[in-house]
Amino acid sequence: MRLPERGQIIGLTSLGLIFAAAGAASLTFPIRAQIFPLFVGILGTVLALAEWVSMRRMRSHHHAKVLHTNNEHEPWKPSDIAGIRTDFYRTLPYLFWLLGLFTLVALVGFVSAAAIFTAAFLRREANVRWTLCIVGSLAVLGSLLVLGNLFSLRWPLSFVDPLRALGLL
Amino acid sequence: MIQAAFQALLLLLEPSNLAFMLGGVVVGMVVGVLPGLGGTVGLSLLLPFLFGMEQGPAIAMLIGMAAVVHTADTFPSILLGAPGSSGSQATIMDGYPLAQKGQAGRALSAAFLSSMFGGLVGAITLLLILPIARPLVLAFRSPELFMLALLGLSMVGILSGDRPIRGALMAVLGLLIAAIGAAPATPFYRFTFDNLYLYDGIPLAVFALGLFAMPELLDLLVKGKSIAEGTTTRRVSGWREGLRDVIRERLLVVRSAVLGVAVGFIPGLGGAVVDWLSYGIAAQTSKNSEGFGKGDIRGVIAPESSNNAKEGGALIPTLLFGIPGSGTTAILLGGLVLLGLQPGPRMIRGDLDLTLLIIWTLAIANVFGALTCLLLSGLVARLATLRPSVLAPFLFVIMLAGAFQSSRSWGDMWAFLVVGLMGWVLRRLRFPLPPILIGFVLAASIERNLFISVTRYGWSWLTAPAVIAIGAITVGMTILGVRLSQKAAT
Amino acid sequence: MRCALRILVMLLSVWGISGCTDGNRQVLEIIVPVGEGGGSDQWARALAPYLQRYLDNSLTVQVVNITGAAGVQGGNVFALRRKPDGRTLFVSSGSQVLPWLLGEPAVRYDFENMRGIAGSPVGGVVYASADLGIRSVEELCASDQTLIYGGISPTGLDMAPLLSFELLGVEVIDILGYAGKGAARVALEQGETNLDYQTSPAYLANVLPLVEEGRAVPLFSFGLIDGDGQVIDDPVFPDLPGMRKAYRACRGHEPSGVAWEAYRAVLMAGFAAQKGLWVHANAPEDRVQELITAAEKATGDPEFLERASRLIGGYDFYVGDNVDAALAETARISLEARRWLIEFLEHGFDVALPEPVR
């Protein structure tokens, strides 16, 4: 199991560096505010180091132990061969979708953006028929409007907000 | 007191009060089901309606809402692996695997029934403890509170899989992330990089949702299969089995409920830690606990029971001292003051009838909520069979809307995204996620109480008997937890 | 297909309904910079329906919580992102005024750019655990026991008691970092601390029973500020010496000097003008007057006073120009006094604040 382990070594190193940086940064804080983050930084660095050492020893002893953690829900064994990079590439499209949603929200307001996003996503990703996409979109629109008005929910600031202009929000 | 209790029950059963209680129950259910919204959102939704209401119906409505949130929040935890509110995170550990095995109905019904009984136990315990609660609350000074927070942290042991160092590392990461924002004792803002949003730190709802829900949803999308894939039984009505489970594990239900009340009653700790504690202790004290984390129904029963019971516990410091035990009770407190009540010692002397009304509402609302959820569970459980790409847009929208209500600023949405990415990466690299949340939740308590303890007592508090006792239990739990999860992994 | 159509019709009608309810009303937004249930929130929500009653019918009063940056964000949003059209108000409390007074960098609002609509003062009482055997403020000053005060933060309302101890010349160990005033009070009951203060409503509700049981002893009150800017005794606690009397009792002469000036400013900011309802200074005059008139009627409404009495604690509201006057007093702190205060905080509590310039 070499490849996942490489990703993990990198991960551990990054974590260790983050903790060390945090600990160092905390030295500039006033004393009362410093103790906790300093302690946490040191402890974190030490633990990261310990795990790092432990992993290297495992690697060099050729343990092909499959690592279990308690959040392994899926029977699908994720990318034991392929590694984290491939997983990331597979996830990337959905991240782009999310960023697209954020952009839409910034442009036309949350509720409108949600409706548009729903229709688009259902069509492109789920291959749902157009009519059902519209239905889904309207469902989202309707629910957000009702819940939003009923419960005085707030929505993020956006460039324009046609629904608010129409007096619906 | 018995006579007063009876009178209070009659008061609740008056149609107007009952109607408002049901209204509160409905709000609580909606708020609980939607991931990211929690008791705080629900209560703040009801606040504007409070002024001008009579005390009776208003209290019925508020408590009705608070009681049910932790029943309904099980839906997203079991069906989606996303916490419905901060109190139902531990349910995900075994509830979600059960859903994946096609046993969502069983998990849901077991969860609702445990919630109901747990809530009832909570209400009864509240009633019994009320007369003697004052000295109990006063027994926990800052050193004891610190040790209890450490005990909560020790639950990380059982949640670390076979690499305890990683669990500890994640918990410490949680501690670090929680340090973003204001330091407890000094008006100094740490790690905010001059960003005003980070002044208050990352809100719990955003963090929990981002950490668990985002990675899970992304993974589902990539996999392309629905949550309950590969199961032959598409029947989701396993409710009879759930009932049998709860009856069989009735001792666990009661034990967890009592634990829930006990922890809920300690100010500052309650809330998000109770269910982890309950889960951890259930795992460590049950026979054949290797199944925990893979779909052991006891891993659902225990946290759900204590989760509801803790509301009863949290009401004790709230009503008797005016100290909120959790975010929900903080707003509840505000609501009660708006109604003209003044929580404090007067609640048992002068306002006894209202206090008893609160307890009855807690009990009865729990029952109503659980039964309603049971009825709906068949319907809702079918969601687990939908394709993730169909569910995904709705979930994204709901989660973002929920996350945004935390501080109502764009920062919430970005934080959600960033935390989600971080969670995804860590998960992919086989780092356990629950310890992060535990560290995050307990950090404030740990820092604050440690600071006060050391400033006030120097180091002499380490020799106090209660401190040593709790310390010993903590060490024991950690070792036990680590051993058990290593056994489970082999 | 028909199923989908039915759903469509349902949704459209729902959309229509939710549109109708909000169509024609104008909204008066009251920004509360703390979360739901907090002190300012309760105050605003208690007042809002009565303002609504006395305002033009087409206005809906809506309380909106904008939290963040430890209570500063709400003020920033009010100042920077709301039009001065007289349709947005802002609720302040000590946590908004004190950071402004201290010149904290996160504060982007300025009370000098706001006009007061209504305000209410609150008093505070310092009390001690009966275990100390101290019965009065004179005994406090003369005591050589270990005095331990429990508070939340040195730049919050705790500044008032901390300054008062400094003024009286009392040596106190300050344990800061408690989660709230309730927790600090419990700490006193537990023996972890032996000195505490509470605002009047909290004192009356939670500490008075302790006093009656003989477990706590009230020592002095912070006092209020009268129309001439003098610190006077608190009318709600006529038996307790206000800060001025306490100072005389302990030091033997009338209070004066930069420390006293600083105390007065903090008292004003945190207590005497504790809750304030503000509008932008350059809002249209007619709307401002409308608001002030409505506030006058609302705060005089007997039903409101009865319901809000536990919140307000028996003090009188002031309206309009009086609110401005109250806060102007705070701002009138001299440069020396301001410097002294910042030095006091830096020295004693490690607080880093920018050098004051005015």
# chains A, B, ... in the order shown; residues from 1 in each chain; ligands from 1

call {"tool": "residues_around", "arguments": {"residues": "Ser93 of chain C", "least_positions_apart": "5", "cutoff": "10 Å", "atoms": "only C-alpha atoms", "output": "PDB file with N, CA and C atoms, in the first residue's frame"}}
result
ATOM      1  N   VAL C  32     -30.156  44.460  15.909  1.00  0.00           N
ATOM      2  CA  VAL C  32     -29.650  44.101  17.233  1.00  0.00           C
ATOM      3  C   VAL C  32     -28.323  43.385  17.025  1.00  0.00           C
ATOM      4  N   PRO C  33     -27.264  43.897  17.621  1.00  0.00           N
ATOM      5  CA  PRO C  33     -25.949  43.327  17.336  1.00  0.00           C
ATOM      6  C   PRO C  33     -25.601  42.082  18.127  1.00  0.00           C
ATOM      7  N   VAL C  34     -26.529  41.568  18.912  1.00  0.00           N
ATOM      8  CA  VAL C  34     -26.269  40.330  19.623  1.00  0.00           C
ATOM      9  C   VAL C  34     -27.278  39.291  19.185  1.00  0.00           C
ATOM     10  N   GLY C  39     -29.433  40.292  26.019  1.00  0.00           N
ATOM     11  CA  GLY C  39     -30.046  41.427  26.706  1.00  0.00           C
ATOM     12  C   GLY C  39     -30.616  42.465  25.768  1.00  0.00           C
ATOM     13  N   SER C  40     -29.810  42.908  24.799  1.00  0.00           N
ATOM     14  CA  SER C  40     -30.305  43.927  23.869  1.00  0.00           C
ATOM     15  C   SER C  40     -31.456  43.387  23.039  1.00  0.00           C
ATOM     16  N   GLY C  71     -20.076  41.542  18.791  1.00  0.00           N
ATOM     17  CA  GLY C  71     -21.073  42.584  18.994  1.00  0.00           C
ATOM     18  C   GLY C  71     -20.796  43.857  18.226  1.00  0.00           C
ATOM     19  N   LEU C  98     -18.617  50.656  24.765  1.00  0.00           N
ATOM     20  CA  LEU C  98     -17.286  50.590  25.354  1.00  0.00           C
ATOM     21  C   LEU C  98     -16.181  50.383  24.327  1.00  0.00           C
ATOM     22  N   GLY C 119     -33.658  55.404  25.191  1.00  0.00           N
ATOM     23  CA  GLY C 119     -32.587  54.755  25.927  1.00  0.00           C
ATOM     24  C   GLY C 119     -33.046  54.426  27.324  1.00  0.00           C
ATOM     25  N   SER C 120     -32.420  53.439  27.911  1.00  0.00           N
ATOM     26  CA  SER C 120     -32.739  53.175  29.304  1.00  0.00           C
ATOM     27  C   SER C 120     -31.468  52.854  30.065  1.00  0.00           C
ATOM     28  N   PRO C 121     -31.388  53.345  31.259  1.00  0.00           N
ATOM     29  CA  PRO C 121     -30.215  53.076  32.067  1.00  0.00           C
ATOM     30  C   PRO C 121     -30.415  51.808  32.877  1.00  0.00           C
ATOM     31  N   LEU C 157     -18.358  45.183  30.504  1.00  0.00           N
ATOM     32  CA  LEU C 157     -18.963  45.878  31.623  1.00  0.00           C
ATOM     33  C   LEU C 157     -18.175  45.693  32.911  1.00  0.00           C
ATOM     34  N   ALA C 269     -21.180  54.847  29.688  1.00  0.00           N
ATOM     35  CA  ALA C 269     -21.239  53.980  28.510  1.00  0.00           C
ATOM     36  C   ALA C 269     -21.899  52.646  28.817  1.00  0.00           C
ATOM     37  N   GLY C 270     -21.548  52.096  29.964  1.00  0.00           N
ATOM     38  CA  GLY C 270     -22.003  50.743  30.229  1.00  0.00           C
ATOM     39  C   GLY C 270     -23.300  50.653  31.006  1.00  0.00           C
ATOM     40  N   PHE C 271     -23.621  51.691  31.756  1.00  0.00           N
ATOM     41  CA  PHE C 271     -24.763  51.572  32.646  1.00  0.00           C
ATOM     42  C   PHE C 271     -25.781  52.677  32.476  1.00  0.00           C
ATOM     43  N   ALA C 273     -26.300  54.793  30.135  1.00  0.00           N
ATOM     44  CA  ALA C 273     -26.944  54.807  28.823  1.00  0.00           C
ATOM     45  C   ALA C 273     -26.926  53.384  28.299  1.00  0.00           C
ATOM     46  N   GLN C 274     -27.255  52.449  29.137  1.00  0.00           N
ATOM     47  CA  GLN C 274     -26.962  51.063  28.827  1.00  0.00           C
ATOM     48  C   GLN C 274     -27.615  50.558  27.552  1.00  0.00           C
ATOM     49  N   LYS C 275     -28.891  50.837  27.395  1.00  0.00           N
ATOM     50  CA  LYS C 275     -29.518  50.433  26.144  1.00  0.00           C
ATOM     51  C   LYS C 275     -29.903  51.688  25.384  1.00  0.00           C
ATOM     52  N   GLY C 276     -29.554  51.705  24.127  1.00  0.00           N
ATOM     53  CA  GLY C 276     -29.915  52.872  23.325  1.00  0.00           C
ATOM     54  C   GLY C 276     -30.484  52.442  22.001  1.00  0.00           C
ATOM     55  N   LEU C 277     -31.423  53.203  21.507  1.00  0.00           N
ATOM     56  CA  LEU C 277     -32.001  52.967  20.179  1.00  0.00           C
ATOM     57  C   LEU C 277     -31.623  54.176  19.329  1.00  0.00           C
TER      58      LEU C 277
END

call {"tool": "closest_atom_pairs", "arguments": {"of": "chain A", "to": "chain C", "cutoff": "12 Å", "atoms": "only C-alpha atoms", "output": "CSV"}}
result
residue,atom,partner,partner_atom,distance
A:Phe29,CA,C:Asp350,CA,9.9
A:Pro30,CA,C:Asp350,CA,6.4
A:Ile31,CA,C:Asp350,CA,7.7
A:Arg32,CA,C:Asp350,CA,7.9
A:Ala33,CA,C:Asp350,CA,9.5
A:Gln34,CA,C:Asp350,CA,11.5
A:Arg129,CA,C:Met1,CA,11.3
A:Trp130,CA,C:Ala4,CA,11.7
A:Thr131,CA,C:Ala4,CA,8.1
A:Leu132,CA,C:Ala4,CA,7.4
A:Cys133,CA,C:Ala4,CA,10.5
A:Ile134,CA,C:Leu8,CA,9.0
A:Val135,CA,C:Leu8,CA,6.5
A:Gly136,CA,C:Leu8,CA,9.6
A:Ser137,CA,C:Leu8,CA,10.3
A:Leu138,CA,C:Leu11,CA,6.9
A:Ala139,CA,C:Leu11,CA,6.7
A:Val140,CA,C:Leu11,CA,9.6
A:Leu141,CA,C:Trp15,CA,8.3
A:Gly142,CA,C:Leu11,CA,5.7
A:Ser143,CA,C:Leu11,CA,8.3
A:Leu144,CA,C:Trp15,CA,9.8
A:Leu145,CA,C:Trp15,CA,7.0
A:Val146,CA,C:Ser18,CA,6.2
A:Leu147,CA,C:Ser18,CA,9.5
A:Gly148,CA,C:Ser18,CA,9.5
A:Asn149,CA,C:Ser18,CA,7.0
A:Leu150,CA,C:Ser18,CA,8.4
A:Phe151,CA,C:Ser18,CA,11.8
A:Ser152,CA,C:Val64,CA,9.0
A:Leu153,CA,C:Val64,CA,9.9
A:Arg154,CA,C:Val64,CA,9.2
A:Leu157,CA,C:Arg81,CA,10.7
A:Leu163,CA,C:Gly19,CA,9.7
A:Arg164,CA,C:Gly19,CA,10.0
A:Ala165,CA,C:Gly23,CA,10.2
A:Leu166,CA,C:Gly19,CA,8.3
A:Gly167,CA,C:Gly23,CA,5.4
A:Leu168,CA,C:Gly19,CA,4.6
A:Leu169,CA,C:Gly19,CA,7.5

call {"tool": "atom_distance", "arguments": {"atom1": "atom CA of Ala202 of chain C", "atom2": "atom CA of Leu341 of chain B"}}
result
12.0 Å

call {"tool": "interface_residues", "arguments": {"of": "chain B", "to": "chain A", "cutoff": "7 Å", "atoms": "only C-alpha atoms", "output": "ChimeraX atom specification"}}
result
/B:45,97,159-162,165-166,169,172,176,179,183,185-186,188,218,222,293,389-390,393-394,397,405,408-410,428-430,432,447,489

call {"tool": "interface_residues", "arguments": {"of": "chain C", "to": "chain B", "cutoff": "6 Å", "atoms": "only C-alpha atoms", "output": "list of chain:residue names"}}
result
C:Glu36, C:Gly37, C:Gly68, C:Ala69, C:Leu176, C:Gly177, C:Gly182, C:Gln190, C:Asn206

call {"tool": "write_last_selection", "arguments": {"atoms": "N, CA and C atoms", "output": "PDB file, in the first residue's frame"}}
result
ATOM      1  N   GLU C  36     -30.163  36.167  19.356  1.00  0.00           N
ATOM      2  CA  GLU C  36     -31.506  36.107  19.933  1.00  0.00           C
ATOM      3  C   GLU C  36     -31.421  35.714  21.403  1.00  0.00           C
ATOM      4  N   GLY C  37     -32.214  36.331  22.207  1.00  0.00           N
ATOM      5  CA  GLY C  37     -32.224  35.998  23.629  1.00  0.00           C
ATOM      6  C   GLY C  37     -31.283  36.840  24.463  1.00  0.00           C
ATOM      7  N   GLY C  68     -21.750  39.185  15.242  1.00  0.00           N
ATOM      8  CA  GLY C  68     -20.421  39.036  14.687  1.00  0.00           C
ATOM      9  C   GLY C  68     -19.446  39.992  15.330  1.00  0.00           C
ATOM     10  N   ALA C  69     -18.200  39.621  15.253  1.00  0.00           N
ATOM     11  CA  ALA C  69     -17.107  40.444  15.763  1.00  0.00           C
ATOM     12  C   ALA C  69     -17.388  40.911  17.172  1.00  0.00           C
ATOM     13  N   LEU C 176     -10.678  36.622  35.506  1.00  0.00           N
ATOM     14  CA  LEU C 176     -11.540  36.906  34.370  1.00  0.00           C
ATOM     15  C   LEU C 176     -11.586  35.697  33.465  1.00  0.00           C
ATOM     16  N   GLY C 177     -12.668  35.574  32.722  1.00  0.00           N
ATOM     17  CA  GLY C 177     -12.778  34.453  31.804  1.00  0.00           C
ATOM     18  C   GLY C 177     -14.002  33.604  32.058  1.00  0.00           C
ATOM     19  N   GLY C 182     -23.967  34.936  34.961  1.00  0.00           N
ATOM     20  CA  GLY C 182     -24.580  33.874  35.743  1.00  0.00           C
ATOM     21  C   GLY C 182     -23.524  32.951  36.318  1.00  0.00           C
ATOM     22  N   GLN C 190     -20.239  29.287  45.151  1.00  0.00           N
ATOM     23  CA  GLN C 190     -19.417  28.105  45.397  1.00  0.00           C
ATOM     24  C   GLN C 190     -18.204  28.402  46.254  1.00  0.00           C
ATOM     25  N   ASN C 206     -31.823  37.337  41.307  1.00  0.00           N
ATOM     26  CA  ASN C 206     -30.986  36.196  41.691  1.00  0.00           C
ATOM     27  C   ASN C 206     -30.164  36.384  42.962  1.00  0.00           C
TER      28      ASN C 206
END

call {"tool": "select_by_dssp", "arguments": {"residues": "segment 36-126 of chain B", "states": "helix (DSSP H, G or I)", "output": "NGL selection string"}}
result
:B and (39-50 or 55-72 or 74-80 or 86-88 or 90-100 or 104-126)

call {"tool": "residues_around", "arguments": {"residues": "Leu113 of chain B", "least_positions_apart": "4", "cutoff": "10 Å", "atoms": "only C-alpha atoms", "output": "list in words"}}
result
Thr71, Leu108, Ser109, Phe117, Gly118, Gly119, Trp239, Gly242, Leu243, Asp245, Val246, Ile247, Val253, Ile301, Glu304, Ser305, Asn366, Val367, Ala370, Leu371, Cys373 and Leu374 of chain B

call {"tool": "write_last_selection", "arguments": {"atoms": "C-alpha atoms", "output": "JSON list (two decimals), in the first residue's frame"}}
result
[["chain", "number", "residue", "atom", "x", "y", "z"],
["B", 71, "THR", "CA", -36.02, 13.74, 17.88],
["B", 108, "LEU", "CA", -35.20, 5.34, 12.47],
["B", 109, "SER", "CA", -37.82, 3.65, 14.56],
["B", 117, "PHE", "CA", -38.17, 7.26, 26.25],
["B", 118, "GLY", "CA", -35.03, 9.24, 26.77],
["B", 119, "GLY", "CA", -37.00, 12.46, 26.74],
["B", 239, "TRP", "CA", -40.13, -0.31, 12.44],
["B", 242, "GLY", "CA", -36.66, -1.19, 15.79],
["B", 243, "LEU", "CA", -39.27, -1.52, 18.48],
["B", 245, "ASP", "CA", -34.46, -3.55, 19.54],
["B", 246, "VAL", "CA", -35.48, -0.82, 21.93],
["B", 247, "ILE", "CA", -37.36, -3.19, 24.19],
["B", 253, "VAL", "CA", -32.02, 3.43, 26.96],
["B", 301, "ILE", "CA", -30.15, 3.87, 20.68],
["B", 304, "GLU", "CA", -30.59, 9.24, 20.72],
["B", 305, "SER", "CA", -31.81, 8.51, 24.19],
["B", 366, "ASN", "CA", -41.43, 14.30, 23.30],
["B", 367, "VAL", "CA", -44.08, 11.65, 22.93],
["B", 370, "ALA", "CA", -41.57, 10.73, 18.41],
["B", 371, "LEU", "CA", -44.89, 9.30, 17.27],
["B", 373, "CYS", "CA", -41.64, 11.07, 13.31],
["B", 374, "LEU", "CA", -42.40, 7.36, 13.40]]

call {"tool": "closest_residue", "arguments": {"among": "C:Ala130, C:Ile333, C:Ala70, C:Val107", "to": "Gly214 of chain C", "atoms": "only C-alpha atoms"}}
result
C:Ala130

call {"tool": "atom_distance", "arguments": {"atom1": "atom CA of Ser221 of chain C", "atom2": "atom CA of Ser153 of chain C"}}
result
19.8 Å

call {"tool": "residues_around", "arguments": {"residues": "segment 240-248 of chain C", "least_positions_apart": "4", "cutoff": "6 Å", "atoms": "only C-alpha atoms", "output": "list in words"}}
result
Leu168, Phe220, Ser221, Phe222, Gly223, Asp233, Gly252, His253 and Glu254 of chain C

call {"tool": "residues_around", "arguments": {"residues": "Leu195 of chain C", "least_positions_apart": "5", "cutoff": "8 Å", "atoms": "only C-alpha atoms", "output": "list in words"}}
result
Val126, Tyr127, Ala128, Ser129, Leu147, Ile148, Tyr149, Gly150 and Leu188 of chain C

call {"tool": "select_by_dssp", "arguments": {"residues": "segment 126-232 of chain C", "states": "strand (DSSP E or B)", "output": "VMD selection string"}}
result
chain C and resid 126 to 129 148 to 151 173 to 176 195 to 199 216 to 221 224 to 225 231 to 232

call {"tool": "write_last_selection", "arguments": {"atoms": "C-alpha atoms", "output": "PDB file, in the first residue's frame"}}
result
ATOM      1  CA  VAL C 126     -21.384  45.115  43.998  1.00  0.00           C
ATOM      2  CA  TYR C 127     -21.893  42.484  46.638  1.00  0.00           C
ATOM      3  CA  ALA C 128     -19.731  40.118  48.608  1.00  0.00           C
ATOM      4  CA  SER C 129     -19.977  36.623  49.949  1.00  0.00           C
ATOM      5  CA  ILE C 148     -11.352  37.600  44.695  1.00  0.00           C
ATOM      6  CA  TYR C 149     -13.519  39.025  41.953  1.00  0.00           C
ATOM      7  CA  GLY C 150     -14.892  36.918  39.110  1.00  0.00           C
ATOM      8  CA  GLY C 151     -15.662  38.546  35.793  1.00  0.00           C
ATOM      9  CA  ILE C 173      -7.466  39.454  42.683  1.00  0.00           C
ATOM     10  CA  ASP C 174      -9.331  39.477  39.390  1.00  0.00           C
ATOM     11  CA  ILE C 175     -10.272  36.177  37.829  1.00  0.00           C
ATOM     12  CA  LEU C 176     -11.540  36.906  34.370  1.00  0.00           C
ATOM     13  CA  LEU C 195     -16.841  39.538  45.134  1.00  0.00           C
ATOM     14  CA  ASP C 196     -19.192  40.095  42.242  1.00  0.00           C
ATOM     15  CA  TYR C 197     -21.455  42.658  40.675  1.00  0.00           C
ATOM     16  CA  GLN C 198     -24.774  42.180  38.951  1.00  0.00           C
ATOM     17  CA  THR C 199     -26.967  44.572  37.011  1.00  0.00           C
ATOM     18  CA  ALA C 216     -24.437  37.547  50.433  1.00  0.00           C
ATOM     19  CA  VAL C 217     -24.016  41.153  51.453  1.00  0.00           C
ATOM     20  CA  PRO C 218     -24.556  44.136  49.135  1.00  0.00           C
ATOM     21  CA  LEU C 219     -21.815  46.729  49.495  1.00  0.00           C
ATOM     22  CA  PHE C 220     -22.341  49.593  47.099  1.00  0.00           C
ATOM     23  CA  SER C 221     -23.963  50.474  43.830  1.00  0.00           C
ATOM     24  CA  LEU C 224     -26.333  56.713  37.927  1.00  0.00           C
ATOM     25  CA  ILE C 225     -25.531  59.956  36.218  1.00  0.00           C
ATOM     26  CA  VAL C 231     -22.607  60.521  39.695  1.00  0.00           C
ATOM     27  CA  ILE C 232     -25.539  60.111  42.013  1.00  0.00           C
TER      28      ILE C 232
END

call {"tool": "atom_distance", "arguments": {"atom1": "atom CA of Ser143 of chain C", "atom2": "atom CA of Cys250 of chain C"}}
result
11.2 Å
